[in-house]
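One file, start-v1.cif, carrying mmCIF, C-alpha atoms and all ligand atoms:
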data_coords
loop_
_atom_site.label_atom_id
_atom_site.label_comp_id
_atom_site.auth_asym_id
_atom_site.auth_seq_id
_atom_site.Cartn_x
_atom_site.Cartn_y
_atom_site.Cartn_z
CA MET A 1 27.47 55.51 44.29
CA THR A 2 29.98 54.85 47.04
CA PRO A 3 28.57 54.63 50.55
CA GLY A 4 30.31 56.72 53.19
CA PRO A 5 31.52 55.02 56.37
CA GLY A 6 28.45 56.39 58.15
CA ARG A 7 26.07 54.57 55.85
CA PHE A 8 27.95 51.29 56.13
CA THR A 9 28.11 51.44 59.94
CA THR A 10 24.40 52.26 60.08
CA ARG A 11 23.59 49.24 57.93
CA CYS A 12 25.83 46.98 60.05
CA THR A 13 24.02 48.13 63.18
CA ALA A 14 20.60 47.68 61.59
CA ALA A 15 21.43 44.16 60.36
CA LEU A 16 22.64 43.15 63.83
CA GLU A 17 19.75 44.67 65.73
CA GLN A 18 17.06 43.38 63.38
CA ALA A 19 18.48 39.84 63.45
CA LEU A 20 18.92 39.73 67.23
CA GLY A 21 15.65 41.52 67.92
CA ASP A 22 13.29 39.90 65.46
CA VAL A 23 14.67 36.78 63.80
CA ALA A 24 13.88 33.47 65.51
CA ALA A 25 17.13 31.69 64.59
CA TYR A 26 19.16 34.23 66.64
CA ARG A 27 17.01 34.16 69.80
CA THR A 28 19.79 32.55 71.87
CA TRP A 29 22.39 35.03 70.54
CA ARG A 30 20.89 38.05 72.31
CA ALA A 31 22.67 37.11 75.54
CA PHE A 32 26.04 37.56 73.79
CA ASP A 33 25.34 41.14 72.64
CA PRO A 34 27.13 43.72 74.84
CA GLY A 35 24.61 46.34 73.62
CA SER A 36 24.80 49.79 72.08
CA GLY A 37 27.31 51.08 74.67
CA VAL A 38 30.20 49.63 72.63
CA SER A 39 31.18 49.98 68.96
CA VAL A 40 29.30 48.00 66.36
CA ASP A 41 32.48 46.07 65.56
CA ALA A 42 32.80 45.01 69.20
CA ARG A 43 29.16 43.89 69.18
CA TYR A 44 29.75 41.71 66.13
CA ARG A 45 32.95 40.30 67.65
CA ALA A 46 31.04 39.10 70.73
CA LEU A 47 28.58 37.02 68.68
CA PRO A 48 28.79 33.36 67.62
CA ALA A 49 29.35 32.40 63.98
CA LEU A 50 26.53 30.94 61.90
CA THR A 51 27.97 27.63 60.72
CA LYS A 52 26.21 25.39 58.23
CA GLN A 53 25.72 22.88 61.04
CA LEU A 54 23.93 25.53 63.10
CA MET A 55 21.93 26.71 60.11
CA ASN A 56 20.64 23.18 59.55
CA LEU A 57 19.26 23.05 63.11
CA HIS A 58 16.70 25.66 62.10
CA ALA A 59 13.91 25.54 59.55
CA PRO A 60 14.25 28.10 56.71
CA ALA A 61 11.32 30.04 58.23
CA ALA A 62 13.43 30.77 61.34
CA PHE A 63 15.59 33.21 59.30
CA ALA A 64 12.74 35.34 57.94
CA ALA A 65 11.72 38.76 59.24
CA PRO A 66 8.68 38.78 61.56
CA GLY A 67 5.36 38.89 59.77
CA LEU A 68 6.65 37.11 56.68
CA ASP A 69 4.95 33.79 56.02
CA LEU A 70 7.15 31.36 54.11
CA ALA A 71 4.28 29.19 52.88
CA GLN A 72 2.47 32.25 51.61
CA GLY A 73 5.63 33.60 49.92
CA LEU A 74 6.12 30.25 48.18
CA ARG A 75 2.49 30.12 47.03
CA ALA A 76 2.71 33.66 45.70
CA GLY A 77 5.89 32.77 43.79
CA GLU A 78 7.79 35.54 45.57
CA ILE A 79 10.41 33.08 46.84
CA GLU A 80 11.63 29.56 46.09
CA LEU A 81 13.29 26.89 48.18
CA VAL A 82 16.60 25.68 46.73
CA SER A 83 19.10 23.17 48.06
CA THR A 84 22.80 23.86 47.65
CA SER A 85 24.83 21.08 46.10
CA GLY A 86 27.36 20.58 48.87
CA THR A 87 28.33 17.40 50.68
CA THR A 88 25.67 16.02 53.05
CA GLU A 89 26.82 17.94 56.11
CA ASP A 90 26.92 21.29 54.39
CA ARG A 91 23.90 20.95 52.15
CA ILE A 92 21.51 23.72 53.06
CA GLN A 93 17.96 24.50 52.16
CA ASN A 94 17.91 28.12 51.06
CA VAL A 95 15.17 30.60 50.53
CA TRP A 96 15.82 32.13 47.13
CA TYR A 97 14.61 35.71 46.79
CA GLN A 98 15.41 36.90 43.29
CA PRO A 99 15.20 40.72 43.78
CA TRP A 100 17.75 40.54 46.61
CA TRP A 101 20.06 38.30 44.55
CA ASP A 102 19.85 40.61 41.54
CA ALA A 103 20.68 43.66 43.68
CA SER A 104 23.70 41.85 45.13
CA GLU A 105 24.88 40.92 41.60
CA ARG A 106 24.42 44.51 40.34
CA ALA A 107 26.45 45.81 43.30
CA SER A 108 29.27 43.41 42.38
CA TRP A 109 29.59 44.95 38.88
CA GLU A 110 30.51 48.27 40.47
CA LEU A 111 33.69 46.67 41.79
CA ASN A 112 35.20 46.11 38.34
CA ALA A 113 35.58 48.75 35.63
CA HIS A 114 35.13 46.18 32.82
CA ALA A 115 31.98 44.77 34.41
CA ARG A 116 30.55 48.26 34.85
CA ARG A 117 30.86 48.72 31.07
CA ALA A 118 29.86 45.23 29.89
CA ALA A 119 27.11 44.40 32.37
CA THR A 120 24.24 46.73 31.62
CA GLY A 121 21.57 44.58 33.21
CA ASP A 122 20.01 43.66 29.87
CA HIS A 123 23.21 42.29 28.34
CA ARG A 124 23.41 38.80 26.84
CA GLU A 125 25.10 36.30 29.06
CA ALA A 126 26.25 32.77 28.21
CA ILE A 127 26.79 30.42 31.14
CA LEU A 128 29.12 27.41 31.09
CA VAL A 129 28.64 25.59 34.39
CA ASN A 130 27.54 22.34 35.88
CA PRO A 131 23.71 22.33 35.81
CA LEU A 132 23.80 21.15 39.43
CA ASN A 133 24.98 24.68 40.32
CA VAL A 134 22.63 26.60 38.04
CA GLY A 135 20.72 25.94 34.83
CA ILE A 136 18.87 22.99 33.33
CA ALA A 137 20.14 19.42 33.79
CA SER A 138 19.43 16.79 31.14
CA GLU A 139 21.11 13.61 29.91
CA VAL A 140 19.52 13.95 26.49
CA PRO A 141 20.75 16.91 24.44
CA LEU A 142 18.52 19.98 24.63
CA ALA A 143 18.13 22.38 21.73
CA LEU A 144 19.48 25.90 22.15
CA GLU A 145 15.98 27.36 22.57
CA GLN A 146 15.32 24.94 25.44
CA ARG A 147 18.39 26.27 27.26
CA ARG A 148 17.60 29.96 26.74
CA LEU A 149 16.05 31.86 29.59
CA GLY A 150 15.54 35.52 28.73
CA ARG A 151 18.94 37.10 28.23
CA PHE A 152 20.74 33.95 29.46
CA LEU A 153 21.95 30.92 27.51
CA TYR A 154 23.01 27.82 29.43
CA LEU A 155 25.70 26.22 27.29
CA ASN A 156 25.82 22.88 29.09
CA GLU A 157 23.00 20.63 30.32
CA ARG A 158 25.17 17.62 31.25
CA VAL A 159 25.98 16.85 34.88
CA ASP A 160 28.83 14.40 34.29
CA LEU A 161 31.78 16.26 32.84
CA LEU A 162 33.63 13.07 31.91
CA SER A 163 30.81 11.74 29.74
CA TRP A 164 30.44 14.75 27.46
CA PRO A 165 29.79 13.28 24.00
CA ASP A 166 31.91 14.02 20.94
CA GLY A 167 30.76 17.26 19.50
CA HIS A 168 29.64 18.80 22.81
CA LEU A 169 32.60 21.20 22.93
CA ASP A 170 32.08 22.09 19.26
CA ARG A 171 28.42 22.81 19.98
CA ILE A 172 29.44 25.15 22.81
CA LEU A 173 31.84 27.01 20.51
CA ASP A 174 29.18 27.18 17.75
CA GLU A 175 26.58 28.55 20.15
CA LEU A 176 28.96 31.20 21.51
CA ALA A 177 29.45 32.42 17.94
CA LEU A 178 25.70 32.42 17.34
CA PHE A 179 24.56 33.96 20.64
CA ARG A 180 27.37 36.56 20.85
CA PRO A 181 27.21 37.16 24.62
CA ALA A 182 28.62 40.32 26.20
CA VAL A 183 29.49 38.28 29.29
CA LEU A 184 30.58 34.65 29.54
CA GLU A 185 30.12 33.25 33.03
CA ALA A 186 31.82 29.95 33.81
CA ASN A 187 33.08 27.37 36.24
CA PRO A 188 36.82 27.90 35.70
CA SER A 189 37.50 24.17 35.30
CA TYR A 190 34.82 23.86 32.60
CA LEU A 191 36.02 26.89 30.69
CA SER A 192 39.61 25.63 30.97
CA ARG A 193 38.49 22.39 29.33
CA LEU A 194 36.82 24.30 26.49
CA CYS A 195 39.92 26.47 26.01
CA ARG A 196 42.29 23.51 25.86
CA TYR A 197 40.01 21.96 23.23
CA ALA A 198 39.98 25.20 21.23
CA LEU A 199 43.79 25.33 21.36
CA ARG A 200 44.16 21.69 20.28
CA THR A 201 41.76 22.06 17.35
CA GLY A 202 42.80 25.57 16.33
CA ARG A 203 39.24 26.96 16.75
CA ARG A 204 39.06 30.61 17.77
CA PRO A 205 36.02 31.22 19.98
CA PHE A 206 33.73 34.24 19.84
CA GLN A 207 35.22 36.93 22.08
CA PRO A 208 32.90 38.32 24.78
CA ALA A 209 33.63 41.65 26.52
CA LEU A 210 34.04 40.04 29.94
CA ILE A 211 34.56 36.61 31.47
CA THR A 212 33.33 36.03 35.00
CA LEU A 213 34.43 33.01 37.04
CA THR A 214 32.13 31.65 39.74
CA TYR A 215 31.10 28.52 41.67
CA GLU A 216 34.54 27.06 42.28
CA PHE A 217 38.08 28.01 43.20
CA PRO A 218 39.79 29.38 40.08
CA SER A 219 43.16 27.69 39.70
CA LEU A 220 45.97 29.75 38.17
CA LEU A 221 46.25 26.92 35.62
CA HIS A 222 42.60 27.43 34.61
CA ARG A 223 43.16 31.16 34.27
CA ARG A 224 46.18 30.56 32.08
CA HIS A 225 44.22 28.24 29.76
CA ILE A 226 41.46 30.84 29.51
CA GLN A 227 43.89 33.68 28.80
CA ALA A 228 45.51 31.64 26.03
CA VAL A 229 42.23 31.69 24.11
CA PHE A 230 40.22 34.70 25.27
CA GLU A 231 41.28 38.33 25.14
CA ALA A 232 38.53 39.51 27.49
CA PRO A 233 39.40 40.59 31.03
CA ILE A 234 38.58 38.04 33.72
CA MET A 235 36.60 38.92 36.82
CA SER A 236 36.53 36.31 39.54
CA SER A 237 33.56 36.52 41.90
CA TYR A 238 33.34 35.08 45.35
CA GLY A 239 30.01 34.41 46.99
CA SER A 240 27.51 31.68 47.69
CA THR A 241 23.88 30.75 47.23
CA GLU A 242 23.33 31.71 50.88
CA ALA A 243 25.28 34.99 50.95
CA GLY A 244 25.03 36.35 47.39
CA TYR A 245 27.95 38.24 45.85
CA VAL A 246 30.51 39.01 48.58
CA PHE A 247 33.87 39.80 46.93
CA SER A 248 34.63 40.69 43.31
CA GLU A 249 37.93 41.00 41.51
CA CYS A 250 38.70 44.53 40.32
CA GLU A 251 40.54 45.40 37.11
CA HIS A 252 43.85 45.23 39.04
CA GLY A 253 43.30 41.74 40.43
CA CYS A 254 42.36 42.44 44.07
CA MET A 255 39.16 41.05 45.61
CA HIS A 256 36.99 43.86 47.00
CA GLN A 257 34.16 43.41 49.46
CA SER A 258 30.74 44.49 48.26
CA THR A 259 29.87 46.90 51.08
CA GLU A 260 26.52 47.61 49.41
CA ALA A 261 25.48 44.00 49.98
CA CYS A 262 27.25 42.75 53.09
CA ARG A 263 29.55 43.09 56.07
CA VAL A 264 32.52 40.71 56.41
CA ASP A 265 34.29 39.89 59.68
CA PHE A 266 37.80 38.62 59.10
CA LEU A 267 39.09 36.19 61.76
CA PRO A 268 42.84 35.66 61.31
CA LEU A 269 44.24 32.16 61.76
CA ALA A 270 46.42 31.73 64.84
CA ALA A 271 50.04 32.62 64.11
CA GLU A 272 51.17 29.15 65.24
CA HIS A 273 49.25 27.61 62.30
CA ALA A 274 49.59 30.05 59.43
CA SER A 275 50.18 33.61 58.33
CA PRO A 276 47.78 35.91 60.23
CA SER A 277 46.97 37.60 56.92
CA VAL A 278 44.95 34.44 56.16
CA GLY A 279 41.61 34.16 57.91
CA VAL A 280 38.06 32.90 58.08
CA LEU A 281 35.40 35.12 56.45
CA LEU A 282 32.12 35.65 58.33
CA ILE A 283 29.44 37.25 56.17
CA THR A 284 26.48 39.34 57.32
CA THR A 285 24.03 40.08 54.53
CA PHE A 286 22.04 43.30 54.28
CA GLU A 287 18.33 43.68 53.69
CA ASN A 288 17.15 40.25 52.71
CA PRO A 289 13.76 40.08 54.45
CA TRP A 290 13.45 36.35 53.74
CA ARG A 291 16.85 35.32 55.01
CA ALA A 292 18.85 37.22 57.65
CA LEU A 293 22.43 35.93 57.79
CA LEU A 294 24.55 37.09 60.70
CA ARG A 295 28.25 36.12 60.79
CA PHE A 296 27.71 33.29 58.30
CA ASP A 297 30.74 31.04 57.88
CA ALA A 298 30.66 29.81 54.28
CA GLY A 299 33.74 27.69 54.98
CA ASP A 300 36.25 29.72 52.98
CA LEU A 301 39.48 31.53 53.75
CA GLY A 302 40.75 34.87 52.45
CA ARG A 303 44.16 36.55 52.39
CA LEU A 304 44.29 40.26 53.24
CA ALA A 305 46.00 42.50 50.71
CA THR A 306 49.22 44.02 52.02
CA GLY A 307 48.43 47.55 50.89
CA PRO A 308 45.82 49.66 49.11
CA CYS A 309 44.78 48.47 45.65
CA ARG A 310 45.84 50.48 42.59
CA CYS A 311 42.17 50.81 41.58
CA GLY A 312 41.62 53.22 44.48
CA ARG A 313 38.69 51.34 46.06
CA THR A 314 39.01 51.51 49.84
CA ASP A 315 35.57 50.49 51.12
CA GLY A 316 35.43 47.30 53.12
CA LEU A 317 38.02 44.55 53.05
CA THR A 318 40.50 44.13 50.23
CA LEU A 319 41.85 40.63 49.73
CA SER A 320 44.80 39.66 47.58
CA ALA A 321 43.15 36.25 47.11
CA ILE A 322 40.49 33.82 48.17
CA GLU A 323 42.60 31.03 49.63
CA GLY A 324 40.13 28.15 49.19
CA ARG A 325 37.96 26.18 51.54
CA THR A 326 38.84 25.32 55.12
CA ILE A 327 38.13 21.65 54.36
CA ASN A 328 40.76 21.84 51.61
CA LEU A 329 43.52 22.85 54.01
CA THR A 330 46.52 20.55 54.32
CA ARG A 331 49.39 20.50 56.82
CA THR A 332 53.14 20.21 56.53
CA PRO A 333 54.81 17.37 58.50
CA ALA A 334 55.88 20.13 60.94
CA GLY A 335 52.21 21.10 61.47
CA ALA A 336 51.91 24.39 59.53
CA LEU A 337 48.74 24.89 57.48
CA VAL A 338 48.92 25.11 53.69
CA THR A 339 45.92 26.58 51.89
CA GLN A 340 44.53 25.39 48.59
CA ALA A 341 45.72 28.62 46.95
CA GLU A 342 49.26 28.07 48.26
CA VAL A 343 49.32 24.59 46.72
CA ASP A 344 47.96 26.10 43.51
CA ARG A 345 50.55 28.89 43.38
CA CYS A 346 53.33 26.35 43.82
CA LEU A 347 52.04 23.92 41.15
CA ALA A 348 51.17 26.68 38.67
CA GLU A 349 54.93 27.13 38.15
CA VAL A 350 55.28 23.61 36.68
CA PRO A 351 55.44 23.80 32.86
CA GLY A 352 53.24 21.26 31.05
CA LEU A 353 50.92 20.67 34.03
CA GLU A 354 47.29 20.79 32.80
CA GLU A 355 45.30 19.62 35.84
CA TYR A 356 46.00 18.20 39.26
CA GLN A 357 44.44 16.84 42.42
CA LEU A 358 46.35 16.58 45.69
CA HIS A 359 45.33 14.26 48.52
CA GLN A 360 47.08 14.38 51.87
CA ARG A 361 46.76 10.82 53.19
CA ASP A 362 48.33 11.24 56.63
CA GLU A 363 50.56 13.71 58.41
CA ARG A 364 53.47 13.25 56.00
CA SER A 365 52.28 11.57 52.79
CA TYR A 366 50.87 13.46 49.83
CA ALA A 367 49.50 11.82 46.67
CA LEU A 368 49.33 14.02 43.58
CA GLN A 369 47.49 13.07 40.40
CA VAL A 370 48.39 15.01 37.30
CA VAL A 371 47.16 15.47 33.76
CA THR A 372 50.05 16.61 31.59
CA ARG A 373 50.92 17.98 28.20
CA GLY A 374 54.27 17.14 26.59
CA ASP A 375 56.94 15.22 28.54
CA ALA A 376 54.91 13.52 31.29
CA THR A 377 57.96 12.25 33.19
CA ALA A 378 59.47 15.72 33.43
CA VAL A 379 56.14 17.21 34.60
CA GLN A 380 55.80 14.49 37.27
CA ARG A 381 59.35 15.10 38.48
CA ARG A 382 58.93 18.88 38.65
CA ALA A 383 55.52 18.75 40.33
CA GLY A 384 56.87 16.33 42.96
CA ALA A 385 59.88 18.55 43.61
CA ALA A 386 57.69 21.66 43.93
CA LEU A 387 55.49 19.98 46.55
CA ARG A 388 58.46 18.55 48.48
CA GLU A 389 59.86 22.06 48.70
CA ARG A 390 56.50 23.52 49.79
CA TYR A 391 55.77 20.90 52.49
CA GLY A 392 59.35 20.78 53.72
CA PRO A 393 61.42 18.14 55.51
CA GLY A 394 59.77 14.74 55.96
CA ALA A 395 57.16 15.18 53.19
CA GLU A 396 56.65 11.98 51.18
CA VAL A 397 55.20 12.92 47.79
CA THR A 398 54.02 10.46 45.14
CA VAL A 399 52.93 11.62 41.70
CA SER A 400 50.77 9.58 39.35
CA LEU A 401 49.48 10.25 35.84
CA ALA A 402 45.79 10.48 34.99
CA THR A 403 44.07 11.05 31.65
CA ALA A 404 41.30 13.14 33.23
CA LEU A 405 40.18 14.17 36.71
CA ALA A 406 36.59 13.95 37.90
CA PRO A 407 34.72 16.66 39.80
CA GLU A 408 33.07 15.99 43.16
CA PRO A 409 29.46 14.73 43.22
CA SER A 410 28.50 18.40 43.72
CA GLY A 411 29.79 19.11 40.20
CA LYS A 412 32.65 21.27 41.49
CA PHE A 413 36.31 20.38 41.25
CA ARG A 414 38.21 19.86 44.44
CA LEU A 415 41.91 20.39 43.78
CA VAL A 416 43.18 19.61 47.26
CA ARG A 417 41.94 17.54 50.18
CA ALA A 418 43.21 15.99 53.38
CA ALA A 419 42.15 12.65 54.88
CA PHE A 420 41.56 14.27 58.28
CA PRO A 421 38.96 16.87 59.21
CA MET A 422 40.00 20.45 59.92
CA ASP A 423 37.93 22.43 62.42
CA ALA A 424 37.99 26.07 61.32
CA ARG A 425 37.06 27.47 64.72
CA SER A 426 39.98 25.84 66.51
CA LEU A 427 42.41 27.32 63.95
CA VAL A 428 41.36 30.93 64.55
CA GLU A 429 43.37 33.30 66.74
CA PRO A 430 42.07 32.40 70.25
CA ALA A 431 41.06 35.96 71.24
CA LEU A 432 38.82 36.19 68.15
CA ARG A 433 37.32 32.70 68.28
CA PRO A 434 33.51 33.11 68.21
CA PRO A 435 31.64 31.76 71.24
CA LEU A 436 29.54 28.65 70.72
CA PRO A 437 25.78 29.28 70.88
CA PRO A 438 23.86 27.08 73.35
CA GLU A 439 22.56 24.87 70.49
CA LEU A 440 26.13 23.66 69.92
CA TRP A 441 27.19 23.24 73.54
CA PRO A 442 28.47 19.72 74.16
CA THR A 443 25.88 17.45 75.79
CA ARG A 444 26.87 15.21 78.67
ZN ZN A 501 41.22 47.08 43.27
#
Go ahead and render the structure in this file as structure tokens.
Ligand SMILES: [Zn+2]
Amino acid sequence: MTPGPGRFTTRCTAALEQALGDVAAYRTWRAFDPGSGVSVDARYRALPALTKQLMNLHAPAAFAAPGLDLAQGLRAGEIELVSTSGTTEDRIQNVWYQPWWDASERASWELNAHARRAATGDHREAILVNPLNVGIASEVPLALEQRRLGRFLYLNERVDLLSWPDGHLDRILDELALFRPAVLEANPSYLSRLCRYALRTGRRPFQPALITLTYEFPSLLHRRHIQAVFEAPIMSSYGSTEAGYVFSECEHGCMHQSTEACRVDFLPLAAEHASPSVGVLLITTFENPWRALLRFDAGDLGRLATGPCRCGRTDGLTLSAIEGRTINLTRTPAGALVTQAEVDRCLAEVPGLEEYQLHQRDERSYALQVVTRGDATAVQRRAGAALRERYGPGAEVTVSLATALAPEPSGKFRLVRAAFPMDARSLVEPALRPPLPPELWPTR
């Protein structure tokens, strides 16, 4: 069922008024609200953004609706406390409320015709991820039955990707054939590794009806490896532990906002830094009594689609791509911002490139590590040339060979990083920059 604009606006207003009126964490935000005399969009625009830094200043209980007792909810097993696996500064303690999460996931299936068919709600789903993100972690091998949870099978229990024992990839392929999932959900980098192994060894995996990619930025290289082995359509999902499912890829490749689950404010980057079609995404979640998120900045950037999508969906925002994390932005020597997705689009054109990691060391030097297939020297030369062209005059690019690249301690791969911090707020178009709430005002 598609909500009309009336329904969406009503829910936006309710989320704003409930959070400002009743939720402790937003007590100081009330002073920013211009009130019901202006449009709901203008009311949202006047509010601060909920950064992870700000979120960590409050206890989880400060985000619950009045009358809800966190300790009681935990005792009753209605909710759980979970920590996200980010770096120290953006690690957050979350209140996990399963019914709300499930509803947000179900709403995401409506945004993709293949998902609507394959995901029935009682379908079998195999999950290939780092157990730090979801699942069961163990350094000793667990039997299949120990990794089955209802209709889910967790294919990997090992945290360290580089120490997977011989036979681990074969076991995953064997279990896919045995379990026969309708949906295979995966970290794109992990599935890429499995697909390259299948190609090398000539094993043809069991074919699910749908592949969904979550938890990390899907590189075009990963997608290509997956498409070389699997016939199933790929649906990339964008969301977070805090915000649930926010955008989902439709059958034509655009990312559509889940207006059933959330509101998204798009704050374009200032034109002096980047294309104004790239911006910060602030997420307001609907109807989670245990956790009201208002203008939550998950730290990611999106790129607005240039026109309507061929699928015909027009509700909410349509993005042509998720552009990667703000902390993964780099700069050209001339000062223009380059997103992770822009680096990825440029390197995806290099034949024989299997994996990469780019590190901007200072304002003009860029160190690229590559894993290659075939003529390594030619791949190195082409990758270096592609980056020199992207970063422009003055860019000093070095390319080195690696046999494998390691994920971050969080278990996720970081394809691009810069040695200097990037403050998202200062990059936003000045007229749309959210005000700082009193908790973050500089102290003398
Ligand atoms: Zn579409």
Region 241-251 of chain A surroundings by all atoms listed in the file, 8 Å radius, close-in-sequence under 2 positions cut, as a ChimeraX atom specification: /A:84,94,101,104-105,108-109,111-114,233,235-239,253-258,261-262,283-285,293,296,311
Could you state the separation of CA of Ile211 (chain A) and CA of Ala186 (chain A) in Å, given to one decimal place? 7.6 Å
Contacts of region 263-268 of chain A at 9 Å or less, counting all atoms listed in the file, minus same-chain residues fewer than 6 places along, as number ranges by chain? A: 8, 11-12, 41, 44-45, 246, 257, 274-286, 295, 302, 304, 316-317, 427-429, 432-433
Report as a short mmCIF file (atom, residue, chain, number, x, y, z; two decimals) with C-alpha atoms, in the frame of the given file all protein, DNA and RNA residues lying within 8 Å of region 162-172 of chain A, evaluated on all atoms listed in the file, omitting residues in the same chain fewer than 5 positions from it.
data_model
loop_
_atom_site.label_atom_id
_atom_site.label_comp_id
_atom_site.auth_asym_id
_atom_site.auth_seq_id
_atom_site.Cartn_x
_atom_site.Cartn_y
_atom_site.Cartn_z
CA LEU A 155 25.70 26.22 27.29
CA ASN A 156 25.82 22.88 29.09
CA LEU A 194 36.82 24.30 26.49
CA TYR A 197 40.01 21.96 23.23
CA ALA A 404 41.30 13.14 33.23
CA ALA A 406 36.59 13.95 37.90
#
Correct to one decimal, the distance CA of Val338 (chain A)-CA of Glu396 (chain A) is 15.4 Å
Among listed residues A:Ile127, A:Leu191, A:Cys309, A:Ala71, nearest ligand ZN 501 (chain A) (using all atoms listed in the file): A:Cys309
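For the residues A:Cys195, A:Leu153, A:Ala305, A:Leu54, ranking by smallest atom-to-atom distance to ligand ZN 501 (chain A) using only C-alpha atoms and all ligand atoms places A:Ala305 first.
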Would you mind telling me which residue in A:Ser36, A:Thr51, A:Thr314, A:Ser365 lies nearest to ligand ZN 501 (chain A) when using all atoms listed in the file?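 Among the listed residues, A:Thr314 lies closest to ligand ZN 501 (chain A).
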Can you tell me, as an MDAnalysis selection string, what residues are no more than 8 Å from Ala383 (chain A) when counting all atoms listed in the file, ignoring any on the same chain fewer than 4 positions away? chainID A and resid 347 350 379 387 399
I need the chosen residues saved as a PDB file, in the coordinates of the input, with C-alpha atoms.
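This is the output file again_18.pdb:
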ATOM      1  CA  LEU A 347      52.040  23.920  41.150  1.00  0.00           C
ATOM      2  CA  VAL A 350      55.280  23.610  36.680  1.00  0.00           C
ATOM      3  CA  VAL A 379      56.140  17.210  34.600  1.00  0.00           C
ATOM      4  CA  LEU A 387      55.490  19.980  46.550  1.00  0.00           C
ATOM      5  CA  VAL A 399      52.930  11.620  41.700  1.00  0.00           C
TER       6      VAL A 399
END
From A:Leu16, A:Ile327, A:Ala321, A:Ala228, residue lying nearest ligand ZN 501 (chain A) [all atoms listed in the file]: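 Once distances to ligand ZN 501 (chain A) are computed over all atoms listed in the file, the minimum belongs to A:Ala321.
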Here CA of Ala424 (chain A) and CA of Asp297 (chain A) stand apart by 9.4 Å
Please check which residues have atoms at most 9 Å from (18.5, 35.6, 54.3) in the file's coordinates, counting only C-alpha atoms, and write them as an MDAnalysis selection string. chainID A and resid 60 63:65 94:97 242:243 285:294
Between A:Gly150, A:Pro218, A:Pro308, A:Gly67, which is the closest to ligand ZN 501 (chain A) once you count all atoms listed in the file?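 Distance minimum relative to ligand ZN 501 (chain A) lands on A:Pro308.
Minimum distance to Glu354 (chain A) across A:Arg310, A:Arg425, A:Arg417, A:His225 (counting all atoms listed in the file) occurs at A:His225.
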List the neighbours of region 26-28 of chain A out to 7 Å using only C-alpha atoms; skip same-chain residues closer than 6 positions along the sequence, and give me the result as a ChimeraX atom specification. /A:19-20,437-438
Around region 354-365 of chain A, fit a box with edges along x, y and z, padding it by 6 Å on each side, then list its centre and edge lengths in Å to one decimal as AutoDock Vina command-line options.
--center_x 49.0 --center_y 15.8 --center_z 45.6 --size_x 21.0 --size_y 22.0 --size_z 37.6
Can you find the residues with an atom no farther than 7 Å from (32.8, 27.1, 36.4), counting only C-alpha atoms, and report them as a PyMOL selection string? chain A and resi 128-129+186-191+213-216
Any chance you could export the current selection's C-alpha atoms as a PDB file, in the coordinates of the input?
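Okay, again_29.pdb is ready:
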ATOM      1  CA  LEU A 128      29.120  27.410  31.090  1.00  0.00           C
ATOM      2  CA  VAL A 129      28.640  25.590  34.390  1.00  0.00           C
ATOM      3  CA  ALA A 186      31.820  29.950  33.810  1.00  0.00           C
ATOM      4  CA  ASN A 187      33.080  27.370  36.240  1.00  0.00           C
ATOM      5  CA  PRO A 188      36.820  27.900  35.700  1.00  0.00           C
ATOM      6  CA  SER A 189      37.500  24.170  35.300  1.00  0.00           C
ATOM      7  CA  TYR A 190      34.820  23.860  32.600  1.00  0.00           C
ATOM      8  CA  LEU A 191      36.020  26.890  30.690  1.00  0.00           C
ATOM      9  CA  LEU A 213      34.430  33.010  37.040  1.00  0.00           C
ATOM     10  CA  THR A 214      32.130  31.650  39.740  1.00  0.00           C
ATOM     11  CA  TYR A 215      31.100  28.520  41.670  1.00  0.00           C
ATOM     12  CA  GLU A 216      34.540  27.060  42.280  1.00  0.00           C
TER      13      GLU A 216
END
Starting from the sparse input, extend region 15-20 of chain A to N, CA, C and O atoms and give the output as a JSON list (two decimals), in the coordinates of the input.
[["chain", "number", "residue", "atom", "x", "y", "z"],
["A", 15, "ALA", "N", 21.47, 45.61, 60.63],
["A", 15, "ALA", "CA", 21.43, 44.16, 60.36],
["A", 15, "ALA", "C", 21.55, 43.38, 61.67],
["A", 15, "ALA", "O", 20.84, 42.39, 61.89],
["A", 16, "LEU", "N", 22.44, 43.84, 62.55],
["A", 16, "LEU", "CA", 22.64, 43.15, 63.83],
["A", 16, "LEU", "C", 21.39, 43.26, 64.71],
["A", 16, "LEU", "O", 20.89, 42.26, 65.24],
["A", 17, "GLU", "N", 20.88, 44.48, 64.82],
["A", 17, "GLU", "CA", 19.75, 44.67, 65.73],
["A", 17, "GLU", "C", 18.47, 44.00, 65.22],
["A", 17, "GLU", "O", 17.71, 43.43, 66.01],
["A", 18, "GLN", "N", 18.26, 44.05, 63.91],
["A", 18, "GLN", "CA", 17.06, 43.38, 63.38],
["A", 18, "GLN", "C", 17.15, 41.87, 63.59],
["A", 18, "GLN", "O", 16.19, 41.23, 63.99],
["A", 19, "ALA", "N", 18.34, 41.30, 63.31],
["A", 19, "ALA", "CA", 18.48, 39.84, 63.45],
["A", 19, "ALA", "C", 18.30, 39.43, 64.91],
["A", 19, "ALA", "O", 17.56, 38.51, 65.23],
["A", 20, "LEU", "N", 19.00, 40.12, 65.81],
["A", 20, "LEU", "CA", 18.92, 39.73, 67.23],
["A", 20, "LEU", "C", 17.54, 40.03, 67.81],
["A", 20, "LEU", "O", 17.04, 39.29, 68.66]]
